[in-house]
Number of protein chains: 2
Amino acid sequence: MPGLPRVVVVGGGFAGLAAVRALAGAPVEVVVVDRHNHHVFQPLLYQVATAGLSPADIAAPIRWILRRQANVRVLLDDVVRVHPAERRLDLAASGALTYDFLVVATGVTHAYFGRDDWAAHAPGLKTLDDAVAIRRRVLVAFEKAEREADPARQRELLTFVVIGGGPTGVEMAGAIAEIARQALADEFDAVAPRTARVLLLEGGPAILPSYVDHLRASARAALTSLGVEVRESTRVTDVGDGLVRAGAETIIAGTIVWAAGVQASPIGRQLGADVDRSGRVQVAADLSVPAHPAIFVVGDLMALTGADGAPVPGVAQAAMQSGRRAAANILARLKGRPTSPFTYRDLGNMATIGRARAVADLGWVRLTGYPAWLAWLFLHLLFLVGFKNKMVVLVQWLVAYVTRQRGVRLITGDDR
Amino acid sequence: MPGLPRVVVVGGGFAGLAAVRALAGAPVEVVVVDRHNHHVFQPLLYQVATAGLSPADIAAPIRWILRRQANVRVLLDDVVRVHPAERRLDLAASGALTYDFLVVATGVTHAYFGRDDWAAHAPGLKTLDDAVAIRRRVLVAFEKAEREADPARQRELLTFVVIGGGPTGVEMAGAIAEIARQALADEFDAVAPRTARVLLLEGGPAILPSYVDHLRASARAALTSLGVEVRESTRVTDVGDGLVRAGAETIIAGTIVWAAGVQASPIGRQLGADVDRSGRVQVAADLSVPAHPAIFVVGDLMALTGADGAPVPGVAQAAMQSGRRAAANILARLKGRPTSPFTYRDLGNMATIGRARAVADLGWVRLTGYPAWLAWLFLHLLFLVGFKNKMVVLVQWLVAYVTRQRGVRLITGDDR
């Protein structure tokens with residue numbers, strides 16, 4: 001499409017895809033660059049990490065998602081460098097790519113508060129490969145315990161620590177407890193998986209900090225009834241090989257999962273803009289970069305304070321809304337019209353805790369227990385990309401509900 | 001279960017699992033050792049390699065399969081060494097394990113005719129990890145071609161060579177051609193996936209050598225109509241990085257898949273028995289090892305000539321039947337009765353070639369085309385382990401049939 005203005009969108013997550021779709025039919029050439037060939041439905045990533053779903057069930061190829069949008073080209077590539085003054089990207093495999101507008105939607109990854117050496121011992125959960133690696137660690141812990149003759153060591157191997165009490169940490173801890181108490185309960189001889197300890201450590205005063213009090217209490221009760229030890233105001237001071245220190249206490253654990261801090265994609269620092277402590281890009285109200293108005297930053301990578309004075313949270317809804325706003329502002333610019341500020345509309349939060357329990361705050365209604373869980377199921381199926389994925393996930397959930405099994409208990413990859 | 005005779009079964013494939021199940025309720029202690037935690041339904045492995053199914057759809061945890069069998073213990077471990085004279089195994093993680101009877105069902109892996117350096121360039125297909133690696137290579141080839149500016153190099157990247165014209169090679173070649181001509185056909189801009197070349201090279205005079213002539217002709221016609229170039233009597237003389245030599249011809253190919261020779265598991269050489277050229281163990285008629293009658297070898301690892309003078313083939317049916325025979329003979333020995341010779345009952349062969357086509361020889365009936373494909377679908381679903389897997393595979397096949405899509409087009413793992 002020579003002659004048309006080129007919009008390059010980096011990142012095929014919720015924010016990037018929303019921007020691309022909002023440009024459908026517009027007189028622009030869109031190029032999507034992602035280092036993965038697939039979009040991941042992040043809210044269900046913890047179910048892949050806990051053997052409930054297969055990677056493909058929550059992902060879809062970006063090309064396939066955009067197959068009917070004529071003005072889009074998709075490149076599987078890595079961004080090496082952004083040159084804002086020249087309106088150019090350097091890509092690892094494809095070389096230079098110029099743009100008229102750039103939408104940066106590369107998100108965040110896990111951060112270890114400057115202690116990158118913790119990463120090897122406490123993997124985080126951002127990609128499908130991360131999820132499969134955590135699944136392997138969780139399942140291998142039970143196998144190692146089964147082979148172990150020393151009861152004290154068995155108990156250590158069956159100790160699971162989840163660090164970080166946000167939605168991902170809460171959902172991970174609940175799912176690990178369910179694996180131990182239900183799915184694996186009767187399949188071992190030398191150990192009793194039911195005796196596994198699952199600890200959820202939260203540095204702040206309370207888990208699920210963005211939730212209202214009574215939902216938080218309900219989540220805490222649900223976790224406790226599954227056997228999860230919830231420790232709030234427990235700041236982790238060191239992580240080692242099979243070891244977590246929190247103040248004076250040392251916990252020996254076979255498996256440690258990191259669900260705490262995040263840091264922004266390094267591309268954020270190449271845009272000629274101010275970044276916050278996590279590396280997120282300070283954007284103008286219309287989501288553009290003040291010094292380079294051809295660049296828009298959307299999704300988890302943007303740092304923006306809403307009209308209500310609260311920062312826009314790093315959640316899927318904010319990502320999608322900001323992607324659409326950036327696309328609309330690009331089209332406004334092309335027509336010589338003024339851009340509009342981004343206003344975040346909070347559609348609510350939900351987290352599920354094991355089988356048939358959840359907490360949901362939809363603004364106009366707050367749910368706990370079974371109704372919250374049904375709402376969670378329905379909305380997650382609704383927003384999952386692809387008919388095949390919806391059907392397959394529904395089948396897996398139905399079978400899991402009836403049998404209390406986890407359908408994807410595979411140990412794959414080399415790290416035995 | 002102290003005091004009961006211990007039967008150790010090494011390998012949780014078709015043969016090993018059949019032996020274990022045939023020992024259900026018997027007065028023996030059964031220990032299953034496998035290096036993987038899951039059983040794989042090998043006949044559908046090529047569908048994982050070609051993005052049609054997820055790994056978990058064709059696999060099930062060995063513990064879960066055997067969860068209702070009280071006399072079984074499962075160990076995730078590697079056999080380091082067998083000591084037939086002492087009736088003992090050394091396991092990598094669990095140490096020594098003694099046995100009264102040993103059933104060795106460790107199967108075969110791919111072999112490169114002594115050219116192990118070919119392995120890096122032409123991966124084979126025996127495990128789920130192999131399948132995911134091949135899937136990645138196939139999908140990455142199209143992505144690389146899309147980024148490539150040179151048309152000659154694009155054409156090389158979109159050349160796929162499958163070496164070996166047995167059922168796996170035939171099914172792989174057909175599925176790769178379908179990916180190019182249907183699933184990916186309209187999703188690229190710089191290249192036309194439809195123009196991909198898929199070559200199937202068979203060293204012998206004909207593909208599917210164990211099939212009767214008219215079924216072979218039907219398979220050849222189905223492959224050709226999908227655009228696969230079938231080359232028989234084409235012996236590969238060298239394999240390099242993106243390169244296959246067959247006599248005077250050199251084929252430059254982005255992706256090479258190995259579906260040719262097999263070699264036996266190295267455990268076969270530790271049993272004090274004669275082995276054939278591929279390392280398979282020469283067993284007595286009752287499947288025991290002549291010098292060590294406490295050891296039985298079953299499945300693909302055994303070398304045995306049937307009553308009809310033909311070697312027992314390395315197929316799933318022979319594996320299951322031999323596993324059951326070995327178990328029955330162990331029980332006979334325990335009761336002081338004579339063992340019985342193994343007789344292989346050939347229940348037929350089938351292979352599928354793309355959408356809605358197959359060849360099937362069930363002995364009493366020979367099918368081609370749509371009826372063969374329906375028979376293939378039905379029997380594969382029937383024998384797949386686990387209700388969840390049957391349901392999920394059925395859904396994926398239905399969606400694939402209607403949409404002509406492949407549901408698992410994920411590029412995961414590091415090798416970009």
# chains A, B, ... in the order shown; residues from 1 in each chain; ligands from 1
call {"tool": "closest_atom_pairs", "arguments": {"of": "chain A", "to": "chain B", "cutoff": "6 Å", "atoms": "only C-alpha atoms", "output": "CSV"}}
result
residue,atom,partner,partner_atom,distance
A:Ala56,CA,B:Val408,CA,5.4
A:Arg63,CA,B:Glu187,CA,5.9
A:Arg67,CA,B:Glu187,CA,5.6
A:Ser94,CA,B:Arg147,CA,5.8
A:Arg147,CA,B:Ser94,CA,5.8
A:Glu187,CA,B:Arg67,CA,5.6
A:Val392,CA,B:Val392,CA,5.7
A:Val408,CA,B:Ala56,CA,5.3
call {"tool": "write_last_selection", "arguments": {"atoms": "N, CA and C atoms", "output": "PDB file, in the first residue's frame"}}
result
ATOM      1  N   ALA A  56      -2.071 -23.831  23.691  1.00  0.00           N
ATOM      2  CA  ALA A  56      -2.833 -23.419  22.509  1.00  0.00           C
ATOM      3  C   ALA A  56      -4.269 -23.033  22.837  1.00  0.00           C
ATOM      4  N   ARG A  63      -1.464 -13.568  13.044  1.00  0.00           N
ATOM      5  CA  ARG A  63      -1.879 -13.554  11.634  1.00  0.00           C
ATOM      6  C   ARG A  63      -3.302 -14.009  11.454  1.00  0.00           C
ATOM      7  N   ARG A  67      -6.614 -12.034  10.008  1.00  0.00           N
ATOM      8  CA  ARG A  67      -6.627 -12.520   8.623  1.00  0.00           C
ATOM      9  C   ARG A  67      -7.608 -11.779   7.726  1.00  0.00           C
ATOM     10  N   SER A  94      14.467  -8.249  10.127  1.00  0.00           N
ATOM     11  CA  SER A  94      13.987  -7.583   8.912  1.00  0.00           C
ATOM     12  C   SER A  94      14.705  -6.274   8.618  1.00  0.00           C
ATOM     13  N   ARG A 147      10.089 -40.091  45.039  1.00  0.00           N
ATOM     14  CA  ARG A 147      11.331 -40.870  44.979  1.00  0.00           C
ATOM     15  C   ARG A 147      12.170 -40.715  46.233  1.00  0.00           C
ATOM     16  N   GLU A 187      -2.760 -40.610  43.773  1.00  0.00           N
ATOM     17  CA  GLU A 187      -1.962 -41.276  42.750  1.00  0.00           C
ATOM     18  C   GLU A 187      -0.528 -41.565  43.176  1.00  0.00           C
ATOM     19  N   VAL A 392     -12.888 -25.763  23.211  1.00  0.00           N
ATOM     20  CA  VAL A 392     -11.940 -26.667  23.870  1.00  0.00           C
ATOM     21  C   VAL A 392     -11.825 -26.319  25.356  1.00  0.00           C
ATOM     22  N   VAL A 408      -3.962 -31.373  31.894  1.00  0.00           N
ATOM     23  CA  VAL A 408      -2.708 -31.181  31.138  1.00  0.00           C
ATOM     24  C   VAL A 408      -1.502 -31.421  32.036  1.00  0.00           C
TER      25      VAL A 408
END
call {"tool": "select_by_dssp", "arguments": {"residues": "segment 80-281 of chain B", "states": "strand (DSSP E or B)", "output": "number ranges by chain"}}
result
B: 80-83, 88-91, 95-98, 101-104, 108-110, 124, 159-163, 197-201, 228-231, 238-240, 243-246, 249-252, 255-258, 262-264, 275, 281
call {"tool": "residues_around", "arguments": {"residues": "Gly204 of chain B", "least_positions_apart": "6", "cutoff": "9 Å", "atoms": "only C-alpha atoms", "output": "number ranges by chain"}}
result
B: 164-165, 232-235
call {"tool": "select_by_dssp", "arguments": {"residues": "segment 305-409 of chain A", "states": "helix (DSSP H, G or I)", "output": "PyMOL selection string"}}
result
chain A and resi 316-334+369-383+387-403
call {"tool": "write_last_selection", "arguments": {"atoms": "C-alpha atoms", "output": "short mmCIF file (atom, residue, chain, number, x, y, z; two decimals), in the first residue's frame"}}
result
data_model
loop_
_atom_site.label_atom_id
_atom_site.label_comp_id
_atom_site.auth_asym_id
_atom_site.auth_seq_id
_atom_site.Cartn_x
_atom_site.Cartn_y
_atom_site.Cartn_z
CA ALA A 316 -6.56 -6.01 30.15
CA GLN A 317 -9.47 -3.57 30.03
CA ALA A 318 -7.19 -0.54 30.28
CA ALA A 319 -4.94 -2.05 27.62
CA MET A 320 -7.77 -2.54 25.14
CA GLN A 321 -9.30 0.87 25.81
CA SER A 322 -5.95 2.65 25.43
CA GLY A 323 -5.19 0.80 22.20
CA ARG A 324 -8.47 1.94 20.73
CA ARG A 325 -7.91 5.52 21.93
CA ALA A 326 -4.44 5.67 20.33
CA ALA A 327 -5.83 4.41 17.03
CA ALA A 328 -8.63 7.00 17.13
CA ASN A 329 -6.13 9.77 17.88
CA ILE A 330 -3.91 8.71 14.98
CA LEU A 331 -6.90 8.91 12.64
CA ALA A 332 -7.82 12.31 14.10
CA ARG A 333 -4.30 13.59 13.41
CA LEU A 334 -4.44 12.32 9.84
CA GLY A 369 -18.59 -17.77 45.75
CA TYR A 370 -20.50 -19.68 43.08
CA PRO A 371 -22.18 -16.70 41.35
CA ALA A 372 -18.81 -14.94 41.06
CA TRP A 373 -17.28 -18.09 39.67
CA LEU A 374 -20.02 -18.46 37.04
CA ALA A 375 -19.58 -14.81 36.07
CA TRP A 376 -15.83 -15.40 35.82
CA LEU A 377 -16.32 -18.48 33.61
CA PHE A 378 -18.78 -16.76 31.34
CA LEU A 379 -16.75 -13.58 30.82
CA HIS A 380 -13.47 -15.42 30.27
CA LEU A 381 -15.02 -17.73 27.69
CA LEU A 382 -16.68 -14.74 26.03
CA PHE A 383 -13.46 -12.80 25.60
CA PHE A 387 -14.34 -20.42 18.45
CA LYS A 388 -12.08 -23.48 18.71
CA ASN A 389 -10.50 -22.13 21.89
CA LYS A 390 -13.87 -21.37 23.45
CA MET A 391 -15.10 -24.90 22.74
CA VAL A 392 -11.94 -26.67 23.87
CA VAL A 393 -11.68 -24.63 27.07
CA LEU A 394 -15.35 -25.26 27.81
CA VAL A 395 -14.84 -29.02 27.42
CA GLN A 396 -11.75 -29.00 29.62
CA TRP A 397 -13.51 -26.96 32.30
CA LEU A 398 -16.57 -29.22 32.25
CA VAL A 399 -14.46 -32.36 32.57
CA ALA A 400 -12.33 -30.75 35.28
CA TYR A 401 -15.43 -29.69 37.17
CA VAL A 402 -16.90 -33.19 37.14
CA THR A 403 -13.70 -35.17 37.72
#
call {"tool": "residues_around", "arguments": {"residues": "Ala96 of chain A", "least_positions_apart": "4", "cutoff": "10 Å", "atoms": "only C-alpha atoms", "output": "MDAnalysis selection string"}}
result
chainID A and resid 79:82 88:92
call {"tool": "residues_around", "arguments": {"residues": "Arg6 of chain B", "least_positions_apart": "4", "cutoff": "9 Å", "atoms": "only C-alpha atoms", "output": "MDAnalysis selection string"}}
result
chainID B and resid 1:2 28:31 98:102
call {"tool": "atom_distance", "arguments": {"atom1": "atom CA of Pro313 of chain A", "atom2": "atom CA of Asp300 of chain A"}}
result
7.7 Å
call {"tool": "closest_residue", "arguments": {"among": "B:Gln42, B:Thr255, B:Ser265, B:Thr237", "to": "Val104 of chain B", "atoms": "only C-alpha atoms"}}
result
B:Ser265
call {"tool": "residues_around", "arguments": {"residues": "segment 243-252 of chain B", "least_positions_apart": "4", "cutoff": "9 Å", "atoms": "only C-alpha atoms", "output": "list in words"}}
result
His121, Glu156, Leu157, Thr159, Val161, Leu201, Thr234, Arg235, Val236, Thr237, Asp238, Val239 and Ile256 of chain B
call {"tool": "atom_distance", "arguments": {"atom1": "atom CA of Leu208 of chain A", "atom2": "atom CA of Ala133 of chain A"}}
result
25.1 Å
